[in-house]
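input_39.txt, holding compact mmCIF, C-alpha atoms (C1' of nucleotides) and all ligand atoms:
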```txt
# COMPACT_ATOMS: atom_id res chain seq x y z
CA MET A 1 -14.77 93.48 -22.98
CA ALA A 2 -16.55 91.93 -20.01
CA GLU A 3 -18.31 90.08 -22.78
CA GLN A 4 -15.06 88.58 -23.96
CA LEU A 5 -14.06 87.62 -20.45
CA LYS A 6 -17.38 85.88 -20.06
CA SER A 7 -16.75 83.77 -23.14
CA ILE A 8 -13.41 82.72 -21.82
CA GLU A 9 -14.79 81.87 -18.41
CA GLU A 10 -17.47 79.74 -20.03
CA PHE A 11 -14.91 77.86 -22.04
CA MET A 12 -12.81 77.17 -18.99
CA LYS A 13 -15.75 75.97 -16.95
CA SER A 14 -16.75 73.67 -19.78
CA ARG A 15 -13.32 72.12 -19.57
CA GLY A 16 -13.23 71.88 -15.82
CA PHE A 17 -10.88 74.84 -15.30
CA LYS A 18 -11.54 77.69 -12.92
CA LEU A 19 -11.08 81.29 -13.90
CA THR A 20 -9.11 82.12 -10.76
CA ARG A 21 -7.87 85.59 -9.90
CA PRO A 22 -4.36 85.09 -11.35
CA ARG A 23 -5.81 83.62 -14.51
CA ARG A 24 -8.30 86.43 -14.80
CA ARG A 25 -5.49 88.96 -14.48
CA VAL A 26 -3.61 87.33 -17.32
CA VAL A 27 -6.63 87.21 -19.58
CA GLU A 28 -7.77 90.73 -18.77
CA LYS A 29 -4.34 92.10 -19.52
CA LEU A 30 -4.20 90.28 -22.82
CA LEU A 31 -7.64 91.61 -23.75
CA ALA A 32 -6.61 95.13 -22.75
CA VAL A 33 -3.53 95.21 -24.95
CA LYS A 34 -4.21 95.71 -28.61
CA GLY A 35 -1.96 93.83 -30.98
CA HIS A 36 0.36 90.91 -30.45
CA VAL A 37 2.19 90.33 -27.16
CA THR A 38 4.54 87.69 -25.81
CA ALA A 39 4.19 85.87 -22.52
CA ASP A 40 7.03 87.95 -21.10
CA ASP A 41 5.35 91.15 -22.25
CA LEU A 42 2.36 90.12 -20.19
CA ILE A 43 4.51 89.27 -17.18
CA ASP A 44 6.14 92.71 -17.35
CA LEU A 45 2.85 94.51 -17.82
CA LEU A 46 1.31 92.68 -14.89
CA ARG A 47 4.28 93.38 -12.67
CA LYS A 48 4.30 97.04 -13.58
CA GLY A 49 0.56 97.14 -13.02
CA GLY A 50 1.04 95.99 -9.44
CA THR A 51 -0.65 92.63 -9.99
CA PRO A 52 2.21 90.24 -10.64
CA VAL A 53 1.50 86.69 -11.71
CA SER A 54 4.09 83.95 -11.83
CA ARG A 55 5.70 82.92 -15.07
CA ALA A 56 4.33 79.42 -14.76
CA THR A 57 0.78 80.65 -14.35
CA VAL A 58 1.03 83.02 -17.30
CA TYR A 59 2.30 80.28 -19.57
CA ARG A 60 -0.23 77.78 -18.25
CA THR A 61 -3.12 80.16 -18.70
CA LEU A 62 -2.14 81.07 -22.24
CA GLY A 63 -1.81 77.38 -23.00
CA ILE A 64 -5.24 76.56 -21.65
CA VAL A 65 -7.09 79.40 -23.32
CA SER A 66 -5.29 78.82 -26.61
CA GLN A 67 -7.04 75.49 -26.88
CA SER A 68 -10.35 77.31 -27.16
CA GLY A 69 -9.53 79.41 -30.17
CA LEU A 70 -10.50 82.45 -28.08
CA ILE A 71 -6.89 83.53 -28.19
CA ASP A 72 -4.34 82.65 -30.85
CA GLY A 73 -0.59 82.21 -30.60
CA HIS A 74 1.76 82.80 -33.52
CA ASP A 75 5.45 82.22 -33.97
CA PHE A 76 6.95 84.95 -36.12
CA GLN A 77 10.55 85.58 -35.15
CA GLY A 78 12.71 82.72 -33.97
CA GLY A 79 10.83 80.85 -31.31
CA LYS A 80 9.08 83.62 -29.46
CA LYS A 81 5.32 83.18 -29.48
CA VAL A 82 3.02 86.18 -29.63
CA TYR A 83 -0.59 86.01 -28.53
CA GLU A 84 -3.67 87.94 -29.59
CA PRO A 85 -7.26 87.75 -28.43
CA MET A 86 -9.68 86.32 -30.98
CA VAL A 87 -12.92 86.58 -29.01
CA GLY A 88 -15.49 88.01 -31.36
CA ARG A 89 -12.96 88.54 -34.12
CA ALA A 90 -12.87 86.85 -37.48
CA HIS A 91 -10.05 84.57 -38.53
CA HIS A 92 -7.14 86.28 -40.25
CA ASP A 93 -3.60 85.56 -41.35
CA HIS A 94 -0.42 87.63 -41.22
CA LEU A 95 2.29 89.46 -43.09
CA PHE A 96 5.48 89.92 -41.07
CA CYS A 97 8.20 92.45 -41.90
CA ILE A 98 11.60 90.84 -41.46
CA SER A 99 13.18 94.27 -41.22
CA CYS A 100 11.13 96.17 -38.63
CA GLY A 101 8.97 93.43 -37.16
CA LYS A 102 5.70 95.03 -38.17
CA VAL A 103 2.72 92.68 -38.28
CA ILE A 104 -0.04 93.22 -40.84
CA GLU A 105 -3.23 91.20 -40.68
CA PHE A 106 -5.06 90.09 -43.78
CA SER A 107 -8.19 88.15 -44.65
CA GLU A 108 -8.63 86.53 -48.02
CA GLU A 109 -11.75 84.46 -48.22
CA ALA A 110 -10.73 82.96 -51.55
CA ILE A 111 -7.63 81.48 -49.95
CA GLU A 112 -9.62 80.03 -47.10
CA ARG A 113 -11.95 78.36 -49.60
CA LEU A 114 -9.08 76.95 -51.58
CA GLN A 115 -7.72 75.41 -48.40
CA ASP A 116 -10.96 73.48 -48.05
CA LEU A 117 -10.37 72.19 -51.52
CA VAL A 118 -6.82 71.14 -50.72
CA VAL A 119 -7.68 69.26 -47.55
CA ALA A 120 -10.57 67.51 -49.30
CA ARG A 121 -8.15 66.36 -51.98
CA TYR A 122 -6.14 64.51 -49.31
CA ARG A 123 -9.12 63.45 -47.17
CA PHE A 124 -7.54 65.54 -44.44
CA THR A 125 -9.55 66.92 -41.52
CA PRO A 126 -8.26 70.42 -40.81
CA VAL A 127 -8.24 71.77 -37.27
CA TYR A 128 -6.35 75.03 -37.66
CA HIS A 129 -3.82 76.58 -39.97
CA SER A 130 -1.00 79.05 -40.05
CA HIS A 131 -0.39 81.20 -43.08
CA LYS A 132 2.42 83.73 -42.78
CA ILE A 133 4.08 85.78 -45.48
CA PHE A 134 7.50 87.21 -44.61
CA GLY A 135 9.12 90.12 -46.41
CA TYR A 136 9.41 93.90 -46.29
CA CYS A 137 6.61 96.26 -45.38
CA GLU A 138 6.03 99.39 -47.38
CA THR A 139 8.38 101.59 -45.37
CA CYS A 140 11.12 98.96 -45.29
CA THR A 141 11.02 98.19 -49.01
CA PRO A 142 13.79 99.99 -50.91
CA LYS A 143 12.18 102.35 -53.40
CA PRO A 144 12.89 101.29 -57.02
CA ALA A 145 12.83 104.93 -58.11
CA LEU A 146 15.80 105.74 -55.90
CA LYS A 147 17.68 102.71 -57.12
CA ALA A 148 17.18 103.75 -60.75
CA ARG A 149 18.42 107.26 -60.12
CA ARG A 150 21.66 105.96 -58.67
CA SER A 151 22.75 104.13 -61.84
CA MET B 1 21.88 63.77 -57.20
CA ALA B 2 25.42 64.81 -58.03
CA GLU B 3 23.58 67.48 -59.93
CA GLN B 4 21.99 68.75 -56.73
CA LEU B 5 25.27 68.69 -54.86
CA LYS B 6 26.79 70.73 -57.69
CA SER B 7 24.13 73.41 -57.28
CA ILE B 8 24.77 73.64 -53.59
CA GLU B 9 28.51 73.81 -54.08
CA GLU B 10 28.05 76.64 -56.56
CA PHE B 11 25.90 78.56 -54.14
CA MET B 12 28.43 78.18 -51.37
CA LYS B 13 31.30 79.29 -53.57
CA SER B 14 29.32 82.32 -54.65
CA ARG B 15 28.99 83.24 -51.01
CA GLY B 16 32.60 82.59 -50.12
CA PHE B 17 31.97 79.29 -48.37
CA LYS B 18 33.79 76.07 -49.11
CA LEU B 19 32.03 72.76 -49.51
CA THR B 20 34.38 70.95 -47.15
CA ARG B 21 34.26 67.25 -46.43
CA PRO B 22 32.12 67.56 -43.25
CA ARG B 23 29.74 69.94 -44.99
CA ARG B 24 29.51 67.66 -47.99
CA ARG B 25 28.66 64.76 -45.70
CA VAL B 26 25.82 66.71 -44.15
CA VAL B 27 24.42 67.81 -47.49
CA GLU B 28 24.77 64.40 -49.12
CA LYS B 29 22.97 62.77 -46.24
CA LEU B 30 20.16 65.27 -46.43
CA LEU B 31 19.83 64.70 -50.16
CA ALA B 32 19.88 60.94 -49.67
CA VAL B 33 17.05 60.90 -47.15
CA LYS B 34 13.63 61.37 -48.67
CA GLY B 35 11.22 63.43 -46.67
CA HIS B 36 11.74 65.76 -43.76
CA VAL B 37 14.53 65.29 -41.21
CA THR B 38 15.73 67.18 -38.15
CA ALA B 39 19.31 68.21 -37.47
CA ASP B 40 19.55 65.48 -34.87
CA ASP B 41 18.23 62.91 -37.32
CA LEU B 42 21.13 63.85 -39.56
CA ILE B 43 23.63 63.65 -36.71
CA ASP B 44 22.39 60.15 -35.85
CA LEU B 45 22.38 59.01 -39.46
CA LEU B 46 25.90 60.29 -39.98
CA ARG B 47 27.16 58.67 -36.82
CA LYS B 48 25.54 55.33 -37.69
CA GLY B 49 26.96 55.65 -41.19
CA GLY B 50 30.44 55.85 -39.77
CA THR B 51 31.01 59.44 -40.87
CA PRO B 52 30.18 61.49 -37.79
CA VAL B 53 30.04 65.27 -38.00
CA SER B 54 29.87 67.56 -35.02
CA ARG B 55 26.60 69.06 -33.92
CA ALA B 56 27.91 72.55 -34.50
CA THR B 57 28.90 71.80 -38.07
CA VAL B 58 25.58 70.18 -38.88
CA TYR B 59 23.64 73.19 -37.59
CA ARG B 60 25.99 75.64 -39.27
CA THR B 61 25.80 73.86 -42.59
CA LEU B 62 22.03 73.68 -42.54
CA GLY B 63 21.94 77.36 -41.68
CA ILE B 64 24.22 78.34 -44.53
CA VAL B 65 22.50 76.28 -47.20
CA SER B 66 19.05 77.36 -46.03
CA GLN B 67 19.87 80.88 -47.11
CA SER B 68 20.02 79.68 -50.70
CA GLY B 69 16.56 78.23 -50.93
CA LEU B 70 18.18 74.96 -52.01
CA ILE B 71 17.00 73.44 -48.79
CA ASP B 72 14.03 74.52 -46.70
CA GLY B 73 13.43 74.33 -42.98
CA HIS B 74 9.97 74.06 -41.44
CA ASP B 75 8.77 74.16 -37.89
CA PHE B 76 5.86 71.79 -37.43
CA GLN B 77 5.83 70.44 -33.90
CA GLY B 78 6.96 72.63 -31.04
CA GLY B 79 10.30 74.12 -31.94
CA LYS B 80 11.94 71.27 -33.79
CA LYS B 81 12.90 72.26 -37.31
CA VAL B 82 12.74 69.73 -40.11
CA TYR B 83 14.70 70.19 -43.31
CA GLU B 84 14.07 69.03 -46.85
CA PRO B 85 16.07 69.49 -50.02
CA MET B 86 14.50 71.82 -52.57
CA VAL B 87 17.10 71.59 -55.33
CA GLY B 88 15.21 71.16 -58.55
CA ARG B 89 11.88 70.88 -56.79
CA ALA B 90 8.94 73.23 -57.04
CA HIS B 91 7.66 75.23 -54.10
CA HIS B 92 5.02 73.50 -52.03
CA ASP B 93 3.24 73.87 -48.72
CA HIS B 94 2.28 71.34 -46.06
CA LEU B 95 -0.46 69.52 -44.22
CA PHE B 96 0.64 68.17 -40.84
CA CYS B 97 -1.20 65.45 -38.91
CA ILE B 98 -1.33 66.39 -35.24
CA SER B 99 -2.04 62.78 -34.34
CA CYS B 100 0.62 60.74 -36.14
CA GLY B 101 3.00 63.44 -37.37
CA LYS B 102 2.55 62.60 -41.04
CA VAL B 103 3.52 65.37 -43.44
CA ILE B 104 1.64 65.80 -46.72
CA GLU B 105 2.87 68.23 -49.35
CA PHE B 106 0.53 70.22 -51.54
CA SER B 107 0.76 72.76 -54.31
CA GLU B 108 -2.10 75.07 -55.12
CA GLU B 109 -1.20 77.62 -57.73
CA ALA B 110 -4.39 79.56 -57.14
CA ILE B 111 -3.37 80.18 -53.54
CA GLU B 112 0.07 81.34 -54.58
CA ARG B 113 -1.50 83.82 -56.99
CA LEU B 114 -3.87 85.13 -54.36
CA GLN B 115 -0.91 85.77 -52.10
CA ASP B 116 0.51 88.07 -54.75
CA LEU B 117 -2.76 89.90 -54.62
CA VAL B 118 -2.67 90.20 -50.86
CA VAL B 119 0.86 91.53 -50.64
CA ALA B 120 0.16 94.04 -53.43
CA ARG B 121 -2.80 95.30 -51.43
CA TYR B 122 -0.43 96.24 -48.58
CA ARG B 123 2.50 97.30 -50.77
CA PHE B 124 4.39 94.49 -49.13
CA THR B 125 7.47 92.88 -50.73
CA PRO B 126 7.28 89.15 -50.06
CA VAL B 127 10.44 87.13 -49.58
CA TYR B 128 9.10 83.76 -48.48
CA HIS B 129 6.06 82.32 -46.86
CA SER B 130 4.91 79.51 -44.66
CA HIS B 131 1.52 77.94 -45.12
CA LYS B 132 0.73 74.99 -42.89
CA ILE B 133 -2.58 73.27 -42.26
CA PHE B 134 -2.79 71.17 -39.09
CA GLY B 135 -5.36 68.48 -38.48
CA TYR B 136 -5.91 64.74 -38.94
CA CYS B 137 -4.75 62.71 -41.91
CA GLU B 138 -7.04 60.16 -43.50
CA THR B 139 -6.00 57.29 -41.26
CA CYS B 140 -6.18 59.37 -38.10
CA THR B 141 -9.60 60.86 -38.82
CA PRO B 142 -12.37 59.04 -36.94
CA LYS B 143 -14.72 57.49 -39.49
CA PRO B 144 -18.18 59.13 -39.38
CA ALA B 145 -19.77 55.83 -40.42
CA LEU B 146 -18.58 54.17 -37.24
CA LYS B 147 -19.75 57.05 -35.13
CA ALA B 148 -23.24 56.85 -36.67
CA ARG B 149 -23.52 53.14 -36.03
CA ARG B 150 -22.85 53.63 -32.34
CA SER B 151 -25.89 55.79 -31.69
C1' DT C 1 58.06 76.16 -45.60
C1' DT C 2 55.35 79.56 -43.81
C1' DA C 3 51.54 82.25 -42.56
C1' DA C 4 46.79 84.11 -42.96
C1' DG C 5 42.40 82.71 -42.97
C1' DA C 6 38.65 79.37 -43.06
C1' DC C 7 36.82 75.53 -40.76
C1' DT C 8 36.00 71.98 -37.11
C1' DG C 9 34.45 70.07 -32.90
C1' DA C 10 33.97 69.91 -27.81
C1' DT C 11 31.56 72.25 -24.88
C1' DA C 12 29.71 76.26 -22.54
C1' DC C 13 25.99 79.15 -22.98
C1' DG C 14 21.23 81.40 -23.94
C1' DC C 15 16.64 81.25 -23.76
C1' DA C 16 11.65 80.04 -24.32
C1' DG C 17 8.96 77.12 -22.25
C1' DT C 18 7.86 73.05 -18.96
C1' DC C 19 8.02 70.45 -14.71
C1' DT C 20 8.21 69.79 -9.65
C1' DC C 21 6.42 70.17 -5.36
C1' DA C 22 5.37 72.41 -1.05
C1' DA C 23 2.18 75.92 0.22
C1' DT C 24 -2.17 78.18 -0.75
C1' DT C 25 -6.76 78.75 -2.50
C1' DT C 26 -11.14 77.13 -3.85
C1' DG C 27 -15.62 75.54 -3.27
C1' DA C 28 -18.47 71.79 -2.00
C1' DT C 29 -20.24 69.75 2.13
C1' DA C 30 -21.43 69.10 7.03
C1' DT D 1 -19.05 78.54 9.88
C1' DA D 2 -15.81 74.54 10.05
C1' DT D 3 -13.64 71.00 7.34
C1' DC D 4 -11.45 68.78 3.75
C1' DA D 5 -10.31 67.00 -0.92
C1' DA D 6 -9.10 68.78 -5.16
C1' DA D 7 -7.33 72.36 -7.94
C1' DT D 8 -4.12 76.01 -8.38
C1' DT D 9 -0.11 78.82 -7.47
C1' DG D 10 4.67 80.28 -7.53
C1' DA D 11 9.73 79.78 -7.01
C1' DG D 12 12.97 77.74 -9.07
C1' DA D 13 15.00 73.61 -11.15
C1' DC D 14 15.04 71.61 -15.42
C1' DT D 15 14.65 70.52 -20.64
C1' DG D 16 15.85 70.88 -25.27
C1' DC D 17 16.96 73.29 -29.54
C1' DG D 18 20.01 76.04 -31.20
C1' DT D 19 24.14 79.43 -30.92
C1' DA D 20 28.66 81.26 -29.35
C1' DT D 21 33.30 80.45 -28.03
C1' DC D 22 37.82 79.20 -28.87
C1' DA D 23 41.81 76.35 -29.25
C1' DG D 24 43.40 73.28 -32.58
C1' DT D 25 43.30 71.74 -37.65
C1' DC D 26 43.04 72.18 -42.54
C1' DT D 27 43.64 75.06 -46.96
C1' DT D 28 45.81 77.70 -50.02
C1' DA D 29 48.75 80.77 -51.94
C1' DA D 30 52.99 82.98 -51.71
ZN ZN E 1 -6.36 81.70 -42.89
ZN ZN E 2 -3.30 88.95 -35.76
ZN ZN E 3 3.09 78.42 -50.90
ZN ZN E 4 7.96 69.48 -47.97
```

Would you write out, as structure tokens, the structure that this file holds?
Ligand SMILES: [Zn+2]
Ligand SMILES: [Zn+2]
Ligand SMILES: [Zn+2]
Ligand SMILES: [Zn+2]
Amino acid sequence: MAEQLKSIEEFMKSRGFKLTRPRRRVVEKLLAVKGHVTADDLIDLLRKGGTPVSRATVYRTLGIVSQSGLIDGHDFQGGKKVYEPMVGRAHHDHLFCISCGKVIEFSEEAIERLQDLVVARYRFTPVYHSHKIFGYCETCTPKPALKARRS
Amino acid sequence: MAEQLKSIEEFMKSRGFKLTRPRRRVVEKLLAVKGHVTADDLIDLLRKGGTPVSRATVYRTLGIVSQSGLIDGHDFQGGKKVYEPMVGRAHHDHLFCISCGKVIEFSEEAIERLQDLVVARYRFTPVYHSHKIFGYCETCTPKPALKARRS
DNA sequence: TTAAGACTGATACGCAGTCTCAATTTGATA
DNA sequence: TATCAAATTGAGACTGCGTATCAGTCTTAA
């Protein structure tokens, strides 16, 4: 955990940013929370934790660190970004349940390889990608068995 | 083209919506423009074309027709949706140039198949997906040859 | 003709995120 | 330790896409 913080501090230094106390609070809170959180989640958590940080600083910090790939932001629902730490984690993509909001992470190396093929085909230089599949998770999917019984 | 309009009209009827004159104007304009346009692009085009339609109606119409899969909306840049007609077209995904904004469409059947595999693994019922690769298009990618010469 | 219901458009509103700018903090230097 | 320029902070104003509201209009079928 301190390890992860260190990585982030290094990145910021390399870009001429300081890991100030407010910024550290934001990053530490994000690292402490497992899963995907919004900027406002972080603001609430920090306030409740007795170490409030201004909205502007939270957004700015997330913006800066996002550039490093050490944290990732995703837009699932309509226009509300969720962030997750990526320090020391492998790349993954997401399934999102449009009924309950559940987020499932998946890795499929074969897909990643095929993307290399696609970009090569168009002489495109990829920087990052977003692959999201929307639908119903197991508990939100209507059971076919029940449907059949009804008829 | 009238063919495409017909499909959209059928969908709307089936859902209890009427293809009124303002709605038809919006849809026809979208079908007429090749490529990806925003709601405001459509508003401008309609106004310049002498057949203005209110903002609300444009947004509402795009929202209604989007539900059919006959047009698709994508969010590339920050929070500005672009729409494209899908009537009679096959599914495809996108490359987006973060330098010039160019959009390249691609189809990779193998990726689509692998997605089936992924969702099955999690007993997930897919409804739609979004697969976007961001980076630099051919003309925006710095040429390695030039770089080498410099050193 | 009349009336119920769908639709339109002007505009107010919501909301995530950004910008502004005076006050504060940082950290390099004397 | 004192000093100062540069970076950062935070409160709140602001932006911009999209949605909600609602009075007035258009349809359509008695
Ligand atoms: Zn991926
Ligand atoms: Zn994730
Ligand atoms: Zn696809
Ligand atoms: Zn497309």

I'd like the superposed copy of chain A - fitted to chain B by least squares over all paired Cα atoms - as a tab-separated table (two decimals) with C-alpha atoms, keeping the file's coordinate frame.
```
chain	number	residue	atom	x	y	z
A	1	MET	CA	22.07	63.84	-57.28
A	2	ALA	CA	25.60	64.97	-58.07
A	3	GLU	CA	23.71	67.63	-59.95
A	4	GLN	CA	22.06	68.82	-56.78
A	5	LEU	CA	25.34	68.83	-54.91
A	6	LYS	CA	26.82	70.94	-57.66
A	7	SER	CA	24.10	73.54	-57.27
A	8	ILE	CA	24.74	73.75	-53.59
A	9	GLU	CA	28.48	74.05	-54.04
A	10	GLU	CA	27.95	76.87	-56.52
A	11	PHE	CA	25.75	78.72	-54.10
A	12	MET	CA	28.28	78.40	-51.32
A	13	LYS	CA	31.14	79.57	-53.49
A	14	SER	CA	29.08	82.55	-54.56
A	15	ARG	CA	28.73	83.47	-50.92
A	16	GLY	CA	32.33	82.87	-50.02
A	17	PHE	CA	31.75	79.54	-48.26
A	18	LYS	CA	33.67	76.38	-48.97
A	19	LEU	CA	32.00	73.05	-49.45
A	20	THR	CA	34.37	71.27	-47.09
A	21	ARG	CA	34.29	67.55	-46.42
A	22	PRO	CA	32.15	67.80	-43.25
A	23	ARG	CA	29.74	70.12	-44.99
A	24	ARG	CA	29.56	67.86	-48.00
A	25	ARG	CA	28.75	64.92	-45.75
A	26	VAL	CA	25.88	66.82	-44.20
A	27	VAL	CA	24.46	67.89	-47.53
A	28	GLU	CA	24.89	64.50	-49.16
A	29	LYS	CA	23.11	62.81	-46.30
A	30	LEU	CA	20.25	65.25	-46.48
A	31	LEU	CA	19.95	64.71	-50.23
A	32	ALA	CA	20.04	60.94	-49.74
A	33	VAL	CA	17.19	60.86	-47.25
A	34	LYS	CA	13.77	61.28	-48.75
A	35	GLY	CA	11.29	63.25	-46.70
A	36	HIS	CA	11.76	65.59	-43.79
A	37	VAL	CA	14.56	65.16	-41.25
A	38	THR	CA	15.75	67.04	-38.19
A	39	ALA	CA	19.30	68.14	-37.49
A	40	ASP	CA	19.60	65.39	-34.90
A	41	ASP	CA	18.35	62.81	-37.38
A	42	LEU	CA	21.21	63.82	-39.62
A	43	ILE	CA	23.72	63.66	-36.78
A	44	ASP	CA	22.56	60.12	-35.94
A	45	LEU	CA	22.58	59.00	-39.55
A	46	LEU	CA	26.07	60.37	-40.06
A	47	ARG	CA	27.36	58.75	-36.90
A	48	LYS	CA	25.84	55.42	-37.80
A	49	GLY	CA	27.25	55.78	-41.29
A	50	GLY	CA	30.76	56.04	-39.87
A	51	THR	CA	31.23	59.66	-40.93
A	52	PRO	CA	30.34	61.66	-37.84
A	53	VAL	CA	30.12	65.42	-38.03
A	54	SER	CA	29.86	67.69	-35.02
A	55	ARG	CA	26.57	69.13	-33.94
A	56	ALA	CA	27.81	72.65	-34.49
A	57	THR	CA	28.83	71.93	-38.05
A	58	VAL	CA	25.54	70.25	-38.89
A	59	TYR	CA	23.55	73.18	-37.58
A	60	ARG	CA	25.86	75.70	-39.24
A	61	THR	CA	25.70	73.95	-42.58
A	62	LEU	CA	21.93	73.69	-42.54
A	63	GLY	CA	21.77	77.36	-41.64
A	64	ILE	CA	24.03	78.39	-44.49
A	65	VAL	CA	22.38	76.30	-47.17
A	66	SER	CA	18.91	77.29	-46.00
A	67	GLN	CA	19.65	80.83	-47.07
A	68	SER	CA	19.86	79.65	-50.66
A	69	GLY	CA	16.42	78.15	-50.91
A	70	LEU	CA	18.11	74.92	-52.02
A	71	ILE	CA	16.95	73.34	-48.80
A	72	ASP	CA	13.96	74.37	-46.72
A	73	GLY	CA	13.37	74.16	-42.99
A	74	HIS	CA	9.92	73.86	-41.45
A	75	ASP	CA	8.70	73.94	-37.89
A	76	PHE	CA	5.81	71.54	-37.44
A	77	GLN	CA	5.76	70.17	-33.92
A	78	GLY	CA	6.87	72.33	-31.03
A	79	GLY	CA	10.19	73.85	-31.92
A	80	LYS	CA	11.89	71.05	-33.77
A	81	LYS	CA	12.85	72.06	-37.29
A	82	VAL	CA	12.73	69.56	-40.13
A	83	TYR	CA	14.68	70.05	-43.33
A	84	GLU	CA	14.07	68.89	-46.88
A	85	PRO	CA	16.07	69.38	-50.05
A	86	MET	CA	14.47	71.69	-52.60
A	87	VAL	CA	17.08	71.51	-55.36
A	88	GLY	CA	15.20	71.04	-58.58
A	89	ARG	CA	11.87	70.74	-56.83
A	90	ALA	CA	8.93	73.08	-57.09
A	91	HIS	CA	7.66	75.07	-54.14
A	92	HIS	CA	5.02	73.34	-52.05
A	93	ASP	CA	3.24	73.72	-48.74
A	94	HIS	CA	2.24	71.21	-46.08
A	95	LEU	CA	-0.52	69.43	-44.23
A	96	PHE	CA	0.56	68.05	-40.85
A	97	CYS	CA	-1.33	65.37	-38.92
A	98	ILE	CA	-1.44	66.30	-35.25
A	99	SER	CA	-2.19	62.70	-34.37
A	100	CYS	CA	0.44	60.62	-36.19
A	101	GLY	CA	2.84	63.28	-37.41
A	102	LYS	CA	2.38	62.47	-41.07
A	103	VAL	CA	3.40	65.22	-43.48
A	104	ILE	CA	1.53	65.68	-46.75
A	105	GLU	CA	2.80	68.09	-49.37
A	106	PHE	CA	0.48	70.11	-51.54
A	107	SER	CA	0.74	72.65	-54.33
A	108	GLU	CA	-2.09	75.01	-55.11
A	109	GLU	CA	-1.17	77.54	-57.73
A	110	ALA	CA	-4.33	79.55	-57.13
A	111	ILE	CA	-3.28	80.14	-53.54
A	112	GLU	CA	0.17	81.23	-54.57
A	113	ARG	CA	-1.36	83.75	-56.98
A	114	LEU	CA	-3.70	85.09	-54.35
A	115	GLN	CA	-0.71	85.67	-52.09
A	116	ASP	CA	0.74	87.96	-54.74
A	117	LEU	CA	-2.49	89.86	-54.62
A	118	VAL	CA	-2.39	90.15	-50.85
A	119	VAL	CA	1.17	91.41	-50.65
A	120	ALA	CA	0.50	93.92	-53.43
A	121	ARG	CA	-2.44	95.24	-51.42
A	122	TYR	CA	-0.04	96.13	-48.58
A	123	ARG	CA	2.90	97.15	-50.79
A	124	PHE	CA	4.76	94.30	-49.14
A	125	THR	CA	7.79	92.65	-50.75
A	126	PRO	CA	7.54	88.92	-50.06
A	127	VAL	CA	10.68	86.85	-49.59
A	128	TYR	CA	9.28	83.50	-48.51
A	129	HIS	CA	6.19	82.12	-46.87
A	130	SER	CA	5.00	79.31	-44.68
A	131	HIS	CA	1.59	77.80	-45.14
A	132	LYS	CA	0.75	74.86	-42.89
A	133	ILE	CA	-2.58	73.22	-42.26
A	134	PHE	CA	-2.82	71.12	-39.09
A	135	GLY	CA	-5.44	68.45	-38.49
A	136	TYR	CA	-6.06	64.74	-38.94
A	137	CYS	CA	-4.94	62.70	-41.91
A	138	GLU	CA	-7.26	60.21	-43.50
A	139	THR	CA	-6.29	57.29	-41.28
A	140	CYS	CA	-6.41	59.38	-38.11
A	141	THR	CA	-9.80	60.94	-38.81
A	142	PRO	CA	-12.60	59.19	-36.91
A	143	LYS	CA	-15.00	57.70	-39.43
A	144	PRO	CA	-18.44	59.40	-39.28
A	145	ALA	CA	-20.11	56.14	-40.28
A	146	LEU	CA	-18.85	54.42	-37.15
A	147	LYS	CA	-19.94	57.31	-34.99
A	148	ALA	CA	-23.46	57.17	-36.42
A	149	ARG	CA	-23.78	53.46	-35.80
A	150	ARG	CA	-22.94	53.90	-32.14
A	151	SER	CA	-25.91	56.18	-31.38
```

(request) Taking all atoms listed in the file into account, report as a list of chain:residue names which residues have an atom no farther than 9 Å from an atom of ligand ZN 4 (chain E). (result) B:Gly35, B:His36, B:Asp72, B:Gly73, B:His74, B:Tyr83, B:Glu84, B:Pro85, B:Met86, B:His91, B:His92, B:Asp93, B:His94, B:Val103, B:Ile104, B:Glu105, B:Phe106

For the residues in that selection, give me C-alpha atoms as an mmCIF file, keeping the file's coordinate frame.
```cif
data_model
loop_
_atom_site.group_PDB
_atom_site.id
_atom_site.type_symbol
_atom_site.label_atom_id
_atom_site.label_comp_id
_atom_site.auth_asym_id
_atom_site.auth_seq_id
_atom_site.Cartn_x
_atom_site.Cartn_y
_atom_site.Cartn_z
ATOM 1 C CA GLY B 35 11.220 63.430 -46.670
ATOM 2 C CA HIS B 36 11.740 65.760 -43.760
ATOM 3 C CA ASP B 72 14.030 74.520 -46.700
ATOM 4 C CA GLY B 73 13.430 74.330 -42.980
ATOM 5 C CA HIS B 74 9.970 74.060 -41.440
ATOM 6 C CA TYR B 83 14.700 70.190 -43.310
ATOM 7 C CA GLU B 84 14.070 69.030 -46.850
ATOM 8 C CA PRO B 85 16.070 69.490 -50.020
ATOM 9 C CA MET B 86 14.500 71.820 -52.570
ATOM 10 C CA HIS B 91 7.660 75.230 -54.100
ATOM 11 C CA HIS B 92 5.020 73.500 -52.030
ATOM 12 C CA ASP B 93 3.240 73.870 -48.720
ATOM 13 C CA HIS B 94 2.280 71.340 -46.060
ATOM 14 C CA VAL B 103 3.520 65.370 -43.440
ATOM 15 C CA ILE B 104 1.640 65.800 -46.720
ATOM 16 C CA GLU B 105 2.870 68.230 -49.350
ATOM 17 C CA PHE B 106 0.530 70.220 -51.540
#
```

(request) Rounded to one decimal place, report the atom CA of His129 of chain A-atom CA of Lys132 of chain B distance in Å. (result) 5.6 Å

(message) Considering all atoms listed in the file, can you say which of D:DA30, D:DA11, D:DA5, D:DA20 comes closest to chain A?
(response) D:DA11

Listed atoms of segment 8-25 of chain C boxed axis-aligned with 8 Å per side, centre + edges as lines of an AutoDock Vina configuration file:
```
center_x = 14.6
center_y = 75.6
center_z = -18.4
size_x = 58.8
size_y = 27.6
size_z = 53.3
```
